[in-house]
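Colleague: Take a look at final10.txt, compact mmCIF, C-alpha atoms:
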```
# COMPACT_ATOMS: atom_id res chain seq x y z
CA THR A 1 -15.62 -3.04 -8.26
CA GLU A 2 -11.88 -2.93 -7.74
CA GLY A 3 -10.68 0.44 -6.51
CA ILE A 4 -14.13 1.92 -6.00
CA PHE A 5 -13.67 5.47 -4.61
CA ARG A 6 -9.94 5.29 -5.33
CA ILE A 7 -10.04 5.22 -9.14
CA PRO A 8 -11.20 8.64 -10.34
CA GLY A 9 -14.12 8.95 -12.68
CA ASN A 10 -14.16 11.02 -15.83
CA SER A 11 -14.46 14.66 -14.71
CA ARG A 12 -16.61 15.62 -17.71
CA GLU A 13 -19.02 12.75 -17.06
CA ILE A 14 -19.13 13.59 -13.34
CA GLU A 15 -20.12 17.17 -14.21
CA THR A 16 -22.85 15.80 -16.51
CA LEU A 17 -24.11 13.55 -13.71
CA LYS A 18 -24.01 16.46 -11.29
CA ALA A 19 -26.17 18.57 -13.60
CA LEU A 20 -28.55 15.65 -14.06
CA VAL A 21 -28.93 15.16 -10.30
CA GLU A 22 -29.38 18.90 -9.73
CA ASN A 23 -32.10 19.04 -12.40
CA GLU A 24 -33.93 15.81 -11.54
CA GLY A 25 -33.71 16.06 -7.77
CA PRO A 26 -33.56 13.00 -5.53
CA ASP A 27 -34.69 10.50 -8.21
CA LEU A 28 -31.34 8.97 -9.08
CA THR A 29 -32.63 6.06 -11.17
CA SER A 30 -31.34 7.78 -14.31
CA ILE A 31 -27.72 7.41 -13.20
CA THR A 32 -27.81 3.65 -12.60
CA SER A 33 -26.26 2.94 -16.00
CA SER A 34 -23.31 5.26 -15.35
CA ASN A 35 -19.80 4.03 -14.73
CA ILE A 36 -19.43 3.22 -11.02
CA HIS A 37 -16.29 5.35 -10.73
CA ASN A 38 -18.19 8.38 -12.07
CA VAL A 39 -20.99 7.87 -9.54
CA ALA A 40 -18.45 7.37 -6.74
CA GLY A 41 -16.65 10.54 -7.86
CA LEU A 42 -19.92 12.46 -7.81
CA PHE A 43 -20.63 11.26 -4.28
CA LYS A 44 -17.18 12.30 -3.02
CA GLU A 45 -17.51 15.66 -4.78
CA TYR A 46 -20.86 16.24 -3.08
CA LEU A 47 -19.29 15.62 0.33
CA ARG A 48 -16.27 17.80 -0.53
CA GLU A 49 -18.48 20.72 -1.58
CA LEU A 50 -20.52 20.83 1.62
CA PRO A 51 -19.97 24.21 3.31
CA GLN A 52 -18.93 22.35 6.46
CA PRO A 53 -17.69 18.73 6.52
CA LEU A 54 -19.86 16.02 8.10
CA ILE A 55 -17.57 16.15 11.12
CA PRO A 56 -17.69 19.93 11.64
CA PHE A 57 -14.60 22.12 11.76
CA ASP A 58 -14.96 22.71 15.49
CA LEU A 59 -14.54 18.97 16.19
CA TYR A 60 -11.51 18.49 13.94
CA GLU A 61 -8.85 19.06 16.62
CA GLU A 62 -10.73 16.88 19.10
CA CYS A 63 -10.74 13.99 16.60
CA LEU A 64 -7.02 14.40 16.00
CA GLU A 65 -6.30 14.56 19.72
CA VAL A 66 -8.21 11.32 20.37
CA GLN A 67 -6.22 9.62 17.63
CA ARG A 68 -2.87 11.04 18.74
CA LYS A 69 -3.40 9.59 22.21
CA SER A 70 -3.91 6.10 20.78
CA THR A 71 -1.30 3.51 19.86
CA PRO A 72 -1.57 0.14 18.10
CA ASP A 73 -1.75 -1.45 21.56
CA LYS A 74 -4.13 1.17 22.93
CA PRO A 75 -6.87 2.16 20.45
CA PRO A 76 -9.00 5.25 21.04
CA VAL A 77 -11.31 4.98 24.00
CA THR A 78 -14.86 4.21 22.91
CA GLN A 79 -16.26 6.94 25.14
CA SER A 80 -13.99 9.53 23.48
CA ILE A 81 -15.25 8.71 20.00
CA GLN A 82 -18.86 8.45 21.15
CA SER A 83 -18.46 11.80 22.91
CA ILE A 84 -17.44 13.35 19.60
CA LEU A 85 -20.34 11.68 17.81
CA LYS A 86 -22.78 13.06 20.40
CA LYS A 87 -21.60 16.57 19.55
CA LEU A 88 -22.52 16.24 15.88
CA PRO A 89 -25.59 18.09 14.66
CA PRO A 90 -28.46 15.56 14.36
CA MET A 91 -28.48 15.50 10.55
CA ASN A 92 -24.70 15.11 10.41
CA LEU A 93 -24.94 12.21 12.86
CA ARG A 94 -27.54 10.49 10.70
CA VAL A 95 -25.47 10.93 7.55
CA ILE A 96 -22.15 9.95 9.15
CA THR A 97 -23.81 6.86 10.64
CA GLN A 98 -25.06 5.77 7.22
CA LEU A 99 -21.76 6.61 5.55
CA MET A 100 -19.66 4.69 8.10
CA GLN A 101 -22.00 1.71 7.87
CA PHE A 102 -21.73 1.79 4.08
CA LEU A 103 -17.93 2.09 4.13
CA ASN A 104 -17.68 -0.70 6.69
CA ASN A 105 -19.78 -2.85 4.36
CA VAL A 106 -17.61 -1.94 1.34
CA SER A 107 -14.53 -2.95 3.35
CA THR A 108 -15.96 -6.43 3.95
CA TYR A 109 -15.44 -7.04 0.21
CA SER A 110 -11.82 -5.86 0.29
CA ASP A 111 -10.64 -9.17 -1.14
CA LYS A 112 -12.42 -8.15 -4.37
CA ASN A 113 -12.33 -4.33 -4.31
CA ARG A 114 -9.04 -3.79 -2.41
CA MET A 115 -10.74 -1.16 -0.28
CA VAL A 116 -9.73 -1.91 3.29
CA PRO A 117 -10.84 0.65 5.91
CA LYS A 118 -7.55 2.57 5.65
CA ASN A 119 -7.95 2.94 1.85
CA LEU A 120 -11.52 4.13 2.32
CA ALA A 121 -10.37 6.59 4.98
CA VAL A 122 -7.75 7.94 2.56
CA CYS A 123 -10.49 8.46 -0.04
CA PHE A 124 -13.05 10.03 2.32
CA GLY A 125 -10.92 11.62 5.03
CA PRO A 126 -10.37 14.97 3.28
CA ASP A 127 -14.09 15.18 2.46
CA VAL A 128 -15.48 14.20 5.87
CA LEU A 129 -12.90 15.48 8.37
CA ARG A 130 -10.81 18.56 7.61
CA ALA A 131 -9.61 21.78 9.19
CA ARG A 132 -11.29 25.10 8.53
CA GLU A 133 -8.03 26.51 7.22
CA GLU A 134 -5.38 24.30 5.74
CA THR A 135 -1.79 24.89 4.76
CA LEU A 136 0.42 22.40 2.99
CA THR A 137 2.35 21.89 6.23
CA SER A 138 -0.78 21.31 8.33
CA VAL A 139 -2.25 18.91 5.77
CA MET A 140 0.98 16.91 5.62
CA LYS A 141 1.13 16.76 9.42
CA ASP A 142 -2.55 16.24 10.28
CA MET A 143 -4.10 14.29 7.41
CA PRO A 144 -2.42 10.96 8.31
CA VAL A 145 -3.82 11.31 11.84
CA ALA A 146 -7.29 12.16 10.50
CA ILE A 147 -7.13 9.17 8.14
CA ASP A 148 -6.16 6.84 11.00
CA PHE A 149 -9.05 8.20 13.08
CA LEU A 150 -11.54 7.61 10.27
CA ALA A 151 -10.13 4.14 9.51
CA ILE A 152 -10.71 3.11 13.13
CA VAL A 153 -14.28 4.42 13.05
CA ILE A 154 -14.96 2.53 9.78
CA THR A 155 -13.37 -0.67 11.09
CA ASN A 156 -15.26 -0.53 14.37
CA PHE A 157 -18.52 0.88 13.05
CA GLU A 158 -20.71 -1.55 14.96
CA HIS A 159 -18.86 -0.89 18.21
CA TYR A 160 -18.86 2.92 18.05
CA PHE A 161 -22.39 3.19 16.72
CA SER A 162 -23.89 0.40 18.85
CA LEU A 163 -25.50 3.02 21.03
CA GLN A 164 -26.75 4.96 18.02
CA GLY A 165 -30.18 5.38 19.54
CA SER A 166 -28.66 7.07 22.55
CA LEU A 167 -26.44 9.17 20.27
CA MET A 168 -29.41 10.48 18.30
CA ARG A 169 -30.74 13.63 19.89
CA SER A 170 -34.27 14.78 19.35
CA GLU A 171 -34.56 17.72 17.01
```
Show how you would write the structure in this file as structure tokens.

Modeller:
Amino acid sequence: TEGIFRIPGNSREIETLKALVENEGPDLTSITSSNIHNVAGLFKEYLRELPQPLIPFDLYEECLEVQRKSTPDKPPVTQSIQSILKKLPPMNLRVITQLMQFLNNVSTYSDKNRMVPKNLAVCFGPDVLRAREETLTSVMKDMPVAIDFLAIVITNFEHYFSLQGSLMRSE
């Protein structure tokens, strides 16, 4: 679908879907007939409302620093990104792995949906990677860096997560 995750859903319908999911639990078959933009909006809202983003607050600055050290000719060092991933709580690592794989897959259809990795990073960056405390100035300064970081991880999913088994820690 063109603009998936970028085109907002209907806020009233998203709230209805949210109530339905909260009441019915993990069986989401009842929402399959919903508008895709409403379902996408519900998913982004879920991520946004987590008490701590998937990439926890304490790793935010480290992610930005890795990205700030990179240039178009010198992308972030694989070990730096994998080092960050190793620091994620096990459940966060599982979810971020699935999310990045999904977004990478969505981006492979960018000729139809116009969602290249950078567009997906713009849509998900504020929900997945954000500072504990934000000011307008800090958001304006840091969010482009966070978006670039996430876009690189989406683009290079297979590379950064190729050692997923070694990233996964036993619980």

Colleague: Could you check which of A:Lys112, A:Val153, A:Gly3, A:Asn10 is closest to Thr78 in chain A, using all atoms listed in the file?

Modeller: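 Closest residue, counting all atoms listed in the file: A:Val153.
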
Colleague: Give me, as a ChimeraX atom specification, all polymer residues having an atom no more than 10 Å from range 116-133 of chain A, counting only C-alpha atoms and skipping those fewer than 6 positions away in the same chain.

Modeller: /A:3-7,44-50,52-61,63-64,96,99-100,103-110,139,142-156

Colleague: How many Å separate CA of Ser70 in chain A from CA of Pro90 in chain A?

Modeller: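 Separation of CA of Ser70 in chain A and CA of Pro90 in chain A: 27.1 Å.
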
Colleague: Using all atoms listed in the file, which residue out of A:Ser83, A:Thr71, A:Ser162, A:Thr16 lies closest to Leu42 in chain A?

Modeller: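 Selected residue with least distance to Leu42 in chain A: A:Thr16.
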
Colleague: Pick the closest to Glu62 in chain A from A:Val21, A:Pro8, A:Lys74, A:Ser80: which is it, counting only C-alpha atoms?

Modeller: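 Nearest candidate to Glu62 in chain A out of A:Val21, A:Pro8, A:Lys74, A:Ser80: A:Ser80.
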
Colleague: Rounded to one decimal place, report the CA of Arg114 in chain A-CA of Asn35 in chain A distance in Å.

Modeller: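 CA of Asn35 in chain A lies at a distance of 18.1 Å from CA of Arg114 in chain A.
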
Colleague: Please report the interatomic distance between CA of Pro75 in chain A and CA of Gln98 in chain A in Å with one decimal.

Modeller: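 Straight-line distance from CA of Pro75 in chain A to CA of Gln98 in chain A works out to 22.8 Å.
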
Colleague: Please determine, counting all atoms listed in the file, which residue among A:Leu85, A:Val66, A:Val39, A:Val95 has the shortest atom-to-atom distance to Ser11 in chain A.

Modeller: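 Counting all atoms listed in the file, the residue closest to Ser11 in chain A is A:Val39.
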
Colleague: Out of A:Arg12, A:Thr137, A:Arg94, A:Thr1, which residue has the shortest atom-to-atom distance to His37 in chain A when counting all atoms listed in the file?

Modeller: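 Among the listed residues, the smallest separation from His37 in chain A belongs to A:Thr1.
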